[in-house]
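The structure file my_file.cif is reproduced below (mmCIF, C-alpha atoms).
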data_target
loop_
_atom_site.group_PDB
_atom_site.id
_atom_site.type_symbol
_atom_site.label_atom_id
_atom_site.label_comp_id
_atom_site.auth_asym_id
_atom_site.auth_seq_id
_atom_site.Cartn_x
_atom_site.Cartn_y
_atom_site.Cartn_z
ATOM 1 C CA MET A 1 106.548 116.698 92.840
ATOM 2 C CA VAL A 2 106.729 114.221 95.651
ATOM 3 C CA LYS A 3 105.166 116.148 98.505
ATOM 4 C CA VAL A 4 104.705 115.038 102.069
ATOM 5 C CA SER A 5 101.292 116.141 103.384
ATOM 6 C CA THR A 6 100.739 118.684 106.146
ATOM 7 C CA LYS A 7 99.798 115.812 108.418
ATOM 8 C CA GLY A 8 103.179 114.159 107.858
ATOM 9 C CA ARG A 9 105.124 117.394 108.247
ATOM 10 C CA TYR A 10 103.353 118.689 111.346
ATOM 11 C CA GLY A 11 103.056 115.233 112.865
ATOM 12 C CA LEU A 12 106.774 114.508 112.648
ATOM 13 C CA ARG A 13 107.648 117.945 114.037
ATOM 14 C CA ALA A 14 105.257 117.440 116.936
ATOM 15 C CA MET A 15 106.787 114.038 117.683
ATOM 16 C CA VAL A 16 110.290 115.567 117.812
ATOM 17 C CA ASP A 17 108.956 118.279 120.145
ATOM 18 C CA LEU A 18 107.359 115.629 122.361
ATOM 19 C CA ALA A 19 110.602 113.627 122.477
ATOM 20 C CA VAL A 20 112.613 116.757 123.378
ATOM 21 C CA TYR A 21 110.330 118.145 126.098
ATOM 22 C CA SER A 22 108.966 114.935 127.577
ATOM 23 C CA ASN A 23 111.889 113.509 129.586
ATOM 24 C CA GLY A 24 109.677 110.490 130.181
ATOM 25 C CA ASP A 25 106.810 112.641 131.416
ATOM 26 C CA HIS A 26 103.649 113.627 129.534
ATOM 27 C CA VAL A 27 103.495 116.890 127.598
ATOM 28 C CA ALA A 28 100.360 118.997 127.125
ATOM 29 C CA LEU A 29 99.257 119.398 123.513
ATOM 30 C CA TYR A 30 98.811 123.152 123.895
ATOM 31 C CA SER A 31 102.497 123.545 124.763
ATOM 32 C CA ILE A 32 103.555 121.590 121.654
ATOM 33 C CA ALA A 33 101.094 123.671 119.634
ATOM 34 C CA ALA A 34 102.549 126.919 121.005
ATOM 35 C CA ARG A 35 106.201 125.947 120.490
ATOM 36 C CA GLN A 36 105.675 124.568 116.977
ATOM 37 C CA GLY A 37 103.145 127.115 115.763
ATOM 38 C CA ILE A 38 100.548 124.465 114.912
ATOM 39 C CA SER A 39 96.865 124.844 115.742
ATOM 40 C CA ILE A 40 95.690 122.797 118.717
ATOM 41 C CA ASN A 41 92.727 121.422 116.747
ATOM 42 C CA TYR A 42 95.030 120.115 114.062
ATOM 43 C CA LEU A 43 97.379 118.562 116.617
ATOM 44 C CA GLU A 44 94.463 116.808 118.306
ATOM 45 C CA GLN A 45 93.616 115.109 115.019
ATOM 46 C CA VAL A 46 97.228 114.121 114.391
ATOM 47 C CA PHE A 47 97.706 112.759 117.907
ATOM 48 C CA SER A 48 94.534 110.708 117.766
ATOM 49 C CA ILE A 49 96.030 108.953 114.717
ATOM 50 C CA LEU A 50 99.397 108.500 116.459
ATOM 51 C CA LYS A 51 97.626 107.167 119.551
ATOM 52 C CA LYS A 52 95.527 104.714 117.548
ATOM 53 C CA ALA A 53 98.734 103.422 115.971
ATOM 54 C CA GLY A 54 100.223 102.950 119.458
ATOM 55 C CA LEU A 55 103.076 105.436 119.059
ATOM 56 C CA VAL A 56 101.895 107.716 121.896
ATOM 57 C CA ARG A 57 99.761 107.301 125.026
ATOM 58 C CA SER A 58 97.425 109.924 126.413
ATOM 59 C CA VAL A 59 97.126 110.963 130.024
ATOM 60 C CA LYS A 60 93.792 112.463 131.047
ATOM 61 C CA GLY A 61 93.073 115.150 133.596
ATOM 62 C CA ALA A 62 94.308 118.608 134.508
ATOM 63 C CA GLY A 63 97.994 117.865 134.012
ATOM 64 C CA GLY A 64 97.203 115.619 131.070
ATOM 65 C CA GLY A 65 98.797 115.298 127.692
ATOM 66 C CA TYR A 66 100.769 112.819 125.671
ATOM 67 C CA VAL A 67 103.824 110.675 126.206
ATOM 68 C CA LEU A 68 105.767 108.459 123.776
ATOM 69 C CA SER A 69 104.786 104.797 124.104
ATOM 70 C CA GLY A 70 108.349 103.601 123.637
ATOM 71 C CA SER A 71 111.913 104.838 123.539
ATOM 72 C CA PRO A 72 112.725 107.454 120.872
ATOM 73 C CA ALA A 73 115.882 105.424 120.180
ATOM 74 C CA THR A 74 113.853 102.583 118.721
ATOM 75 C CA LEU A 75 111.142 104.648 117.020
ATOM 76 C CA LYS A 76 111.937 105.082 113.323
ATOM 77 C CA VAL A 77 110.971 108.148 111.301
ATOM 78 C CA GLY A 78 109.701 105.650 108.708
ATOM 79 C CA THR A 79 107.218 104.221 111.210
ATOM 80 C CA ILE A 80 105.884 107.686 112.089
ATOM 81 C CA LEU A 81 105.596 108.770 108.438
ATOM 82 C CA ARG A 82 103.839 105.558 107.396
ATOM 83 C CA VAL A 83 101.281 106.019 110.194
ATOM 84 C CA LEU A 84 100.584 109.593 109.063
ATOM 85 C CA GLU A 85 101.030 109.286 105.287
ATOM 86 C CA GLY A 86 100.179 105.677 104.521
ATOM 87 C CA LYS A 87 102.478 103.533 102.413
ATOM 88 C CA LEU A 88 105.486 105.614 101.304
ATOM 89 C CA SER A 89 105.537 105.384 97.533
ATOM 90 C CA VAL A 90 106.438 107.842 94.781
ATOM 91 C CA ILE A 91 103.724 106.364 92.568
ATOM 92 C CA ASP A 92 99.953 106.275 92.914
ATOM 93 C CA GLU A 93 98.913 102.820 94.149
ATOM 94 C CA LYS A 94 96.261 102.380 91.472
ATOM 95 C CA ALA A 95 98.678 103.121 88.656
ATOM 96 C CA GLU A 96 101.415 101.021 90.186
ATOM 97 C CA GLY A 97 100.318 97.443 89.746
ATOM 98 C CA ALA A 98 98.253 97.968 86.616
ATOM 99 C CA GLU A 99 100.149 96.417 83.775
ATOM 100 C CA GLU A 100 100.073 92.638 83.373
ATOM 101 C CA ASP A 101 102.431 92.621 80.408
ATOM 102 C CA LYS A 102 105.845 92.050 81.958
ATOM 103 C CA THR A 103 107.599 93.072 78.747
ATOM 104 C CA GLY A 104 105.973 96.486 78.426
ATOM 105 C CA VAL A 105 107.381 99.953 78.853
ATOM 106 C CA GLN A 106 105.364 100.646 82.003
ATOM 107 C CA ASN A 107 106.640 97.510 83.694
ATOM 108 C CA CYS A 108 110.235 98.292 82.704
ATOM 109 C CA ILE A 109 109.932 101.720 84.341
ATOM 110 C CA LYS A 110 108.164 100.333 87.392
ATOM 111 C CA VAL A 111 110.870 97.738 88.073
ATOM 112 C CA ASN A 112 113.852 99.917 87.199
ATOM 113 C CA VAL A 113 112.744 103.329 88.465
ATOM 114 C CA TRP A 114 109.718 103.507 90.779
ATOM 115 C CA ASP A 115 110.483 100.334 92.733
ATOM 116 C CA LYS A 116 114.097 101.427 93.221
ATOM 117 C CA MET A 117 113.040 104.901 94.389
ATOM 118 C CA ASN A 118 110.536 103.401 96.824
ATOM 119 C CA LYS A 119 113.066 100.928 98.179
ATOM 120 C CA SER A 120 115.706 103.619 98.785
ATOM 121 C CA LEU A 121 113.144 105.989 100.293
ATOM 122 C CA ASN A 122 111.796 103.423 102.762
ATOM 123 C CA GLU A 123 115.253 102.158 103.685
ATOM 124 C CA LEU A 124 116.405 105.722 104.336
ATOM 125 C CA VAL A 125 113.569 106.736 106.661
ATOM 126 C CA ASP A 126 113.957 103.458 108.544
ATOM 127 C CA THR A 127 117.561 104.347 109.386
ATOM 128 C CA ILE A 128 116.611 107.642 111.071
ATOM 129 C CA THR A 129 115.364 107.428 114.668
ATOM 130 C CA LEU A 130 113.237 109.963 116.530
ATOM 131 C CA GLU A 131 116.052 110.187 119.085
ATOM 132 C CA GLU A 132 118.485 111.342 116.387
ATOM 133 C CA LEU A 133 116.113 114.162 115.386
ATOM 134 C CA ALA A 134 115.468 115.089 119.014
ATOM 135 C CA GLU A 135 119.202 115.264 119.817
ATOM 136 C CA ASN A 136 119.887 117.430 116.751
ATOM 137 C CA TYR A 137 116.990 119.699 117.640
ATOM 138 C CA LYS A 138 118.288 120.126 121.193
ATOM 139 C CA LYS A 139 121.707 121.126 119.881
ATOM 140 C CA MET A 140 120.138 123.473 117.349
ATOM 141 C CA ARG A 141 118.108 125.251 120.019
ATOM 142 C CA GLY A 142 120.874 125.178 122.609
ATOM 143 C CA LEU A 143 118.659 123.075 124.853
ATOM 144 C CA ASP A 144 121.406 120.592 125.657
ATOM 145 C CA THR A 145 123.648 123.257 127.197
ATOM 146 C CA ILE A 146 120.806 124.706 129.274
ATOM 147 C CA MET A 147 120.170 121.276 130.749
ATOM 148 C CA TYR A 148 123.874 120.965 131.491
ATOM 149 C CA TYR A 149 124.087 124.211 133.474
ATOM 150 C CA ILE A 150 120.945 123.474 135.444
ATOM 151 C CA MET B 151 104.318 111.827 97.968
ATOM 152 C CA LYS B 152 103.629 111.134 94.352
ATOM 153 C CA ILE B 153 105.163 111.645 90.935
ATOM 154 C CA SER B 154 102.463 113.236 88.719
ATOM 155 C CA THR B 155 101.046 111.712 85.543
ATOM 156 C CA LYS B 156 103.153 114.197 83.600
ATOM 157 C CA GLY B 157 106.349 112.667 84.952
ATOM 158 C CA ARG B 158 105.095 109.097 84.582
ATOM 159 C CA TYR B 159 103.712 109.442 81.063
ATOM 160 C CA GLY B 160 106.678 111.552 79.993
ATOM 161 C CA LEU B 161 109.153 108.895 81.045
ATOM 162 C CA GLU B 162 107.073 106.207 79.298
ATOM 163 C CA ALA B 163 106.867 108.257 76.111
ATOM 164 C CA LEU B 164 110.584 109.001 76.108
ATOM 165 C CA LEU B 165 111.467 105.331 76.615
ATOM 166 C CA ASP B 166 109.061 104.439 73.788
ATOM 167 C CA LEU B 167 110.835 106.976 71.571
ATOM 168 C CA ALA B 168 114.217 105.461 72.456
ATOM 169 C CA ILE B 169 112.960 101.930 71.716
ATOM 170 C CA HIS B 170 111.800 102.952 68.238
ATOM 171 C CA SER B 171 114.666 105.330 67.458
ATOM 172 C CA SER B 172 116.148 103.037 64.807
ATOM 173 C CA GLU B 173 113.102 103.873 62.678
ATOM 174 C CA GLY B 174 114.166 107.513 62.295
ATOM 175 C CA HIS B 175 112.062 110.388 63.601
ATOM 176 C CA ILE B 176 108.994 109.153 65.424
ATOM 177 C CA ASN B 177 105.688 110.971 65.205
ATOM 178 C CA ILE B 178 103.663 111.881 68.269
ATOM 179 C CA LYS B 179 100.650 109.932 67.022
ATOM 180 C CA SER B 180 102.434 106.579 67.080
ATOM 181 C CA ILE B 181 103.934 107.223 70.529
ATOM 182 C CA ALA B 182 100.532 108.270 71.865
ATOM 183 C CA GLU B 183 98.922 105.145 70.410
ATOM 184 C CA ARG B 184 101.507 102.768 71.859
ATOM 185 C CA CYS B 185 101.393 104.476 75.268
ATOM 186 C CA GLY B 186 97.595 104.648 75.234
ATOM 187 C CA LYS B 187 97.566 108.398 75.948
ATOM 188 C CA SER B 188 96.049 111.323 74.065
ATOM 189 C CA GLU B 189 98.103 112.896 71.283
ATOM 190 C CA ALA B 190 97.600 116.378 72.728
ATOM 191 C CA TYR B 191 99.019 115.338 76.086
ATOM 192 C CA ILE B 192 102.050 113.592 74.603
ATOM 193 C CA LEU B 193 102.695 116.610 72.370
ATOM 194 C CA GLN B 194 102.586 118.939 75.374
ATOM 195 C CA ILE B 195 105.132 116.742 77.167
ATOM 196 C CA PHE B 196 107.422 116.626 74.132
ATOM 197 C CA LEU B 197 107.347 120.393 73.748
ATOM 198 C CA THR B 198 108.607 120.650 77.325
ATOM 199 C CA LEU B 199 111.267 117.990 76.701
ATOM 200 C CA ARG B 200 112.357 119.765 73.512
ATOM 201 C CA LYS B 201 112.708 123.086 75.267
ATOM 202 C CA ALA B 202 114.968 121.346 77.785
ATOM 203 C CA GLY B 203 117.121 119.933 74.994
ATOM 204 C CA LEU B 204 116.317 116.281 75.642
ATOM 205 C CA VAL B 205 114.553 115.654 72.296
ATOM 206 C CA GLU B 206 114.645 117.367 68.914
ATOM 207 C CA SER B 207 112.077 117.523 66.148
ATOM 208 C CA ILE B 208 111.857 117.956 62.398
ATOM 209 C CA ARG B 209 108.784 119.043 60.481
ATOM 210 C CA GLY B 210 107.239 117.493 57.393
ATOM 211 C CA ALA B 211 105.881 114.193 56.155
ATOM 212 C CA GLN B 212 108.779 112.168 57.582
ATOM 213 C CA GLY B 213 108.946 114.461 60.582
ATOM 214 C CA GLY B 214 108.710 113.694 64.236
ATOM 215 C CA TYR B 215 110.913 113.472 67.301
ATOM 216 C CA ARG B 216 114.137 111.791 68.266
ATOM 217 C CA LEU B 217 116.436 111.898 71.282
ATOM 218 C CA ALA B 218 118.739 114.924 71.238
ATOM 219 C CA LYS B 219 121.524 112.991 72.993
ATOM 220 C CA GLU B 220 122.735 109.422 73.311
ATOM 221 C CA PRO B 221 120.513 107.272 75.567
ATOM 222 C CA ALA B 222 123.488 106.844 77.932
ATOM 223 C CA GLU B 223 123.682 110.628 78.336
ATOM 224 C CA ILE B 224 120.083 111.125 79.431
ATOM 225 C CA THR B 225 119.237 110.161 82.997
ATOM 226 C CA VAL B 226 115.829 109.559 84.493
ATOM 227 C CA GLY B 227 116.733 112.438 86.807
ATOM 228 C CA ASP B 228 117.076 114.805 83.811
ATOM 229 C CA ILE B 229 113.605 113.875 82.591
ATOM 230 C CA LEU B 230 111.867 114.044 85.974
ATOM 231 C CA ASN B 231 113.595 117.316 86.797
ATOM 232 C CA VAL B 232 112.193 118.866 83.601
ATOM 233 C CA LEU B 233 108.681 117.439 83.963
ATOM 234 C CA GLU B 234 108.254 117.405 87.755
ATOM 235 C CA GLY B 235 110.722 119.900 89.103
ATOM 236 C CA PRO B 236 112.935 119.014 92.080
ATOM 237 C CA LEU B 237 112.072 115.800 93.940
ATOM 238 C CA ALA B 238 111.523 117.744 97.152
ATOM 239 C CA PRO B 239 109.066 116.416 99.742
ATOM 240 C CA VAL B 240 108.636 119.975 101.090
ATOM 241 C CA ALA B 241 108.804 123.317 99.234
ATOM 242 C CA CYS B 242 111.213 125.102 101.606
ATOM 243 C CA ILE B 243 114.237 123.011 100.578
ATOM 244 C CA ILE B 244 113.981 123.587 96.809
ATOM 245 C CA PRO B 245 117.245 125.295 95.792
ATOM 246 C CA ASP B 246 116.966 129.010 94.865
ATOM 247 C CA THR B 247 113.212 129.118 95.408
ATOM 248 C CA LYS B 248 113.161 128.643 99.156
ATOM 249 C CA GLN B 249 109.727 129.461 100.413
ATOM 250 C CA PRO B 250 110.127 131.586 103.489
ATOM 251 C CA CYS B 251 109.414 129.919 106.797
ATOM 252 C CA ASP B 252 110.148 131.425 110.199
ATOM 253 C CA ARG B 253 111.432 128.093 111.399
ATOM 254 C CA TYR B 254 113.774 127.335 108.510
ATOM 255 C CA GLU B 255 116.966 127.748 110.568
ATOM 256 C CA ASN B 256 115.649 125.932 113.617
ATOM 257 C CA CYS B 257 113.509 123.274 111.983
ATOM 258 C CA ALA B 258 113.325 119.918 113.746
ATOM 259 C CA THR B 259 112.613 117.973 110.581
ATOM 260 C CA ARG B 260 114.192 119.807 107.629
ATOM 261 C CA ALA B 261 117.171 117.422 107.640
ATOM 262 C CA VAL B 262 114.812 114.489 107.050
ATOM 263 C CA TRP B 263 113.273 116.101 103.977
ATOM 264 C CA GLU B 264 116.700 117.061 102.626
ATOM 265 C CA ARG B 265 117.952 113.505 103.066
ATOM 266 C CA ILE B 266 114.857 112.163 101.258
ATOM 267 C CA MET B 267 115.440 114.571 98.351
ATOM 268 C CA ASP B 268 119.128 113.620 98.106
ATOM 269 C CA CYS B 269 118.267 109.939 98.288
ATOM 270 C CA LEU B 270 115.671 110.142 95.485
ATOM 271 C CA ASN B 271 117.989 112.286 93.333
ATOM 272 C CA ASN B 272 120.811 109.781 93.764
ATOM 273 C CA VAL B 273 118.556 106.975 92.540
ATOM 274 C CA VAL B 274 117.193 108.747 89.455
ATOM 275 C CA ASN B 275 120.503 110.360 88.474
ATOM 276 C CA ALA B 276 122.118 106.928 88.369
ATOM 277 C CA ILE B 277 119.609 105.460 85.875
ATOM 278 C CA THR B 278 120.048 106.338 82.187
ATOM 279 C CA ILE B 279 117.723 105.766 79.247
ATOM 280 C CA ALA B 280 120.373 103.295 78.021
ATOM 281 C CA ASP B 281 119.895 101.278 81.244
ATOM 282 C CA LEU B 282 116.131 101.213 80.708
ATOM 283 C CA LEU B 283 116.553 100.204 77.044
ATOM 284 C CA LYS B 284 118.849 97.356 78.070
ATOM 285 C CA ASN B 285 116.411 96.079 80.678
ATOM 286 C CA TYR B 286 113.474 96.468 78.322
ATOM 287 C CA ARG B 287 115.210 94.461 75.606
ATOM 288 C CA GLU B 288 116.353 91.763 78.013
ATOM 289 C CA ALA B 289 112.800 91.316 79.269
ATOM 290 C CA ASN B 290 111.581 91.050 75.686
ATOM 291 C CA TYR B 291 114.267 88.552 74.661
ATOM 292 C CA ARG B 292 113.381 86.398 77.651
ATOM 293 C CA GLN B 293 109.735 86.522 76.645
ATOM 294 C CA ALA B 294 110.627 85.694 73.006
ATOM 295 C CA ASP B 295 112.749 82.733 74.168
ATOM 296 C CA LEU B 296 109.889 81.518 76.293
ATOM 297 C CA GLU B 297 107.484 81.669 73.374
ATOM 298 C CA TYR B 298 110.012 79.933 71.112
ATOM 299 C CA TYR B 299 110.347 76.983 73.452
ATOM 300 C CA LEU B 300 106.591 76.734 73.910
#
Let me see the file written as structure tokens.
Amino acid sequence: MVKVSTKGRYGLRAMVDLAVYSNGDHVALYSIAARQGISINYLEQVFSILKKAGLVRSVKGAGGGYVLSGSPATLKVGTILRVLEGKLSVIDEKAEGAEEDKTGVQNCIKVNVWDKMNKSLNELVDTITLEELAENYKKMRGLDTIMYYI
Amino acid sequence: MKISTKGRYGLEALLDLAIHSSEGHINIKSIAERCGKSEAYILQIFLTLRKAGLVESIRGAQGGYRLAKEPAEITVGDILNVLEGPLAPVACIIPDTKQPCDRYENCATRAVWERIMDCLNNVVNAITIADLLKNYREANYRQADLEYYL
């Protein structure tokens, strides 16, 4: 199994929500929590990581909340996942670089299987932008048409 | 997102079996020794692989295991699918065993996880045991050449 952690799953969903509902303005965490069905305590933890990594900025005070630091068009899903999950690899780091014998079975599999999987995985998530996910989500929820009629 | 030791060791053991297949049926003990894993663990893996029709065994003094198909007909995807299950980063997208989620239809991120699963499957389904054997032997010939010239 190659599972993404709860942090990665909830964090990416919250970032899409933020991109959809922000319109350049800050969004309160409790509203993201309510829409996405994620506990506010958990979101606070996730957003403190995202903030530390410079992906979001926080606004304090009564109308406070979070806003994306940059444009969703230039923010890659790969960047978000690496902040939340660490290096994206299908193999445990410690096991990965172990073998010194370049002619061994382990090295053959590392070069021809694990490295190729990791390369494809990282290239894929770096082609998907947060904007793409936000636009699809708007269409899915009919949010784009509501905006249009207003 | 990690491949478990079962998948890693299983792939190593199967490649080891393929490398030594010219010697007839290979016993678990010798595979376990070469891979540096316990006999019990390798046996457990081979029982799973046998049930899936990837290896076959004969009993007796000269008994042991061999590949049930040509190396070119077994992909890394076949092996990982048997030992690891689907390469799904989240449980809800596993075919036929979809874990219920209220948000499945309107999920902001499901497409990302599906694309990751497809991407990883494409990589592992394109690599056969024959490919690994070829690369393993090439690496060993290079090493042998190097030692010859030294």
Would you write out, as a Markdown table, a table of all residues in chain A that have an atom no more than 8 Å from an atom of chain B, listing for each the closest atom pair and the distance in Å to one decimal, considering all atoms listed in the file and ordering rows by chain and rising residue number?
| residue | atom | partner | partner_atom | distance |
| --- | --- | --- | --- | --- |
| A:Met1 | CA | B:Glu234 | CA | 5.4 |
| A:Val2 | CA | B:Met151 | CA | 4.1 |
| A:Lys3 | CA | B:Pro239 | CA | 4.1 |
| A:Val4 | CA | B:Pro239 | CA | 5.1 |
| A:Ser5 | CA | B:Met151 | CA | 7.6 |
| A:Arg9 | CA | B:Thr259 | CA | 7.9 |
| A:Leu12 | CA | B:Thr259 | CA | 7.1 |
| A:Arg13 | CA | B:Ala258 | CA | 6.0 |
| A:Val16 | CA | B:Ala258 | CA | 6.7 |
| A:Asp17 | CA | B:Ala258 | CA | 7.9 |
| A:Leu88 | CA | B:Met151 | CA | 7.1 |
| A:Ser89 | CA | B:Met151 | CA | 6.6 |
| A:Val90 | CA | B:Lys152 | CA | 4.3 |
| A:Ile91 | CA | B:Lys152 | CA | 5.1 |
| A:Asp92 | CA | B:Lys152 | CA | 6.3 |
| A:Lys102 | CA | B:Ala289 | CA | 7.5 |
| A:Thr103 | CA | B:Asn290 | CA | 5.4 |
| A:Gly104 | CA | B:Tyr286 | CA | 7.5 |
| A:Val105 | CA | B:Glu162 | CA | 6.3 |
| A:Gln106 | CA | B:Glu162 | CA | 6.4 |
| A:Cys108 | CA | B:Tyr286 | CA | 5.7 |
| A:Ile109 | CA | B:Leu282 | CA | 7.2 |
| A:Asn112 | CA | B:Leu282 | CA | 7.0 |
| A:Val113 | CA | B:Val274 | CA | 7.1 |
| A:Lys116 | CA | B:Val273 | CA | 7.2 |
| A:Met117 | CA | B:Leu270 | CA | 6.0 |
| A:Ser120 | CA | B:Cys269 | CA | 6.8 |
| A:Leu121 | CA | B:Ile266 | CA | 6.5 |
| A:Leu124 | CA | B:Ile266 | CA | 7.3 |
| A:Val125 | CA | B:Ile266 | CA | 7.8 |
| A:Leu133 | CA | B:Ala258 | CA | 6.6 |
| A:Ala134 | CA | B:Ala258 | CA | 7.5 |
| A:Asn136 | CA | B:Ala258 | CA | 7.6 |
| A:Tyr137 | CA | B:Ala258 | CA | 5.4 |
| A:Met140 | CA | B:Asn256 | CA | 6.3 |
| A:Arg141 | CA | B:Asn256 | CA | 6.9 |
Straight-line distance linking atom CA of Glu85 of chain A with atom CA of His26 of chain A, stated in Å to one decimal: 24.8 Å
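For the atom pair formed by atom CA of Ile208 of chain B and atom CA of His175 of chain B, the distance is 7.7 Å, given to one decimal.
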Ref. answer, residues at most 7 Å from (111.0, 104.4, 111.4) with only C-alpha atoms, as a ChimeraX atom specification: /A:75-80,125-129
Residues matched by the PyMOL selection byres ((chain A and resi 66) around 7) as a PyMOL selection string: chain A and resi 26-28+56-59+65+67-68
For atom CA of Gly11 of chain A and atom CA of Ala33 of chain A, the interatomic separation in Å (one decimal):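 Separation of atom CA of Gly11 of chain A and atom CA of Ala33 of chain A: 11.0 Å.
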Spatial neighbours of Pro221 of chain B, 9 Å, only C-alpha atoms, chain gap at least 4 places, as a ChimeraX atom specification: /B:168,217,225,278-281,283
Neighbour list for Arg209 of chain B as a PyMOL selection string, cut-off 12 Å, only C-alpha atoms, skip fewer than 2 positions in-chain: chain B and resi 175-178+206-207+211-216
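Restricting the calculation to all atoms listed in the file, the smallest distance between Ile49 of chain A and any of A:Ala34, A:Ala62, A:Leu84, A:Val20 is found for A:Leu84.
Minimum atom-to-atom distance to Asp228 of chain B, evaluated using all atoms listed in the file, belongs to B:Leu204 out of B:Thr198, B:Gly174, B:Ile244, B:Leu204.
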Chain and number of each residue from the PyMOL selection byres ((chain A and resi 73) around 9), as a PyMOL selection string: chain A and resi 70-72+74-76+129-132
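Once the PyMOL selection byres ((chain A and resi 30) around 12) is applied to the shown structure, the selection contains Ala14, Asp17, Leu18, Val27, Ala28, Leu29, Ser31, Ile32, Ala33, Ala34, Arg35, Gln36, Gly37, Ile38, Ser39, Ile40, Asn41, Tyr42, Leu43, Glu44, Gly63, Gly64, Gly65 and Tyr66 of chain A.
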Can you write out the residues you just picked, keeping C-alpha atoms, as a compact mmCIF listing (two decimals), in the coordinates of the input?
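Result saved to result.txt:
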# COMPACT_ATOMS: atom_id res chain seq x y z
CA ALA A 14 105.26 117.44 116.94
CA ASP A 17 108.96 118.28 120.14
CA LEU A 18 107.36 115.63 122.36
CA VAL A 27 103.50 116.89 127.60
CA ALA A 28 100.36 119.00 127.12
CA LEU A 29 99.26 119.40 123.51
CA SER A 31 102.50 123.54 124.76
CA ILE A 32 103.56 121.59 121.65
CA ALA A 33 101.09 123.67 119.63
CA ALA A 34 102.55 126.92 121.00
CA ARG A 35 106.20 125.95 120.49
CA GLN A 36 105.68 124.57 116.98
CA GLY A 37 103.14 127.12 115.76
CA ILE A 38 100.55 124.46 114.91
CA SER A 39 96.86 124.84 115.74
CA ILE A 40 95.69 122.80 118.72
CA ASN A 41 92.73 121.42 116.75
CA TYR A 42 95.03 120.12 114.06
CA LEU A 43 97.38 118.56 116.62
CA GLU A 44 94.46 116.81 118.31
CA GLY A 63 97.99 117.86 134.01
CA GLY A 64 97.20 115.62 131.07
CA GLY A 65 98.80 115.30 127.69
CA TYR A 66 100.77 112.82 125.67
From B:Gly210, B:Gly227, B:Pro245, B:Gly160, residue lying nearest Gln194 of chain B [all atoms listed in the file]: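 Answer, going by the shortest atom-to-atom distance: B:Gly160.
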To box segment 129-133 of chain A, take all atoms listed in the file, fit an axis-aligned box, add 6 Å on each side, and give centre and edge lengths in Å to one decimal, as JSON.
{"center_x": 115.9, "center_y": 110.8, "center_z": 116.9, "size_x": 17.2, "size_y": 18.7, "size_z": 16.4}
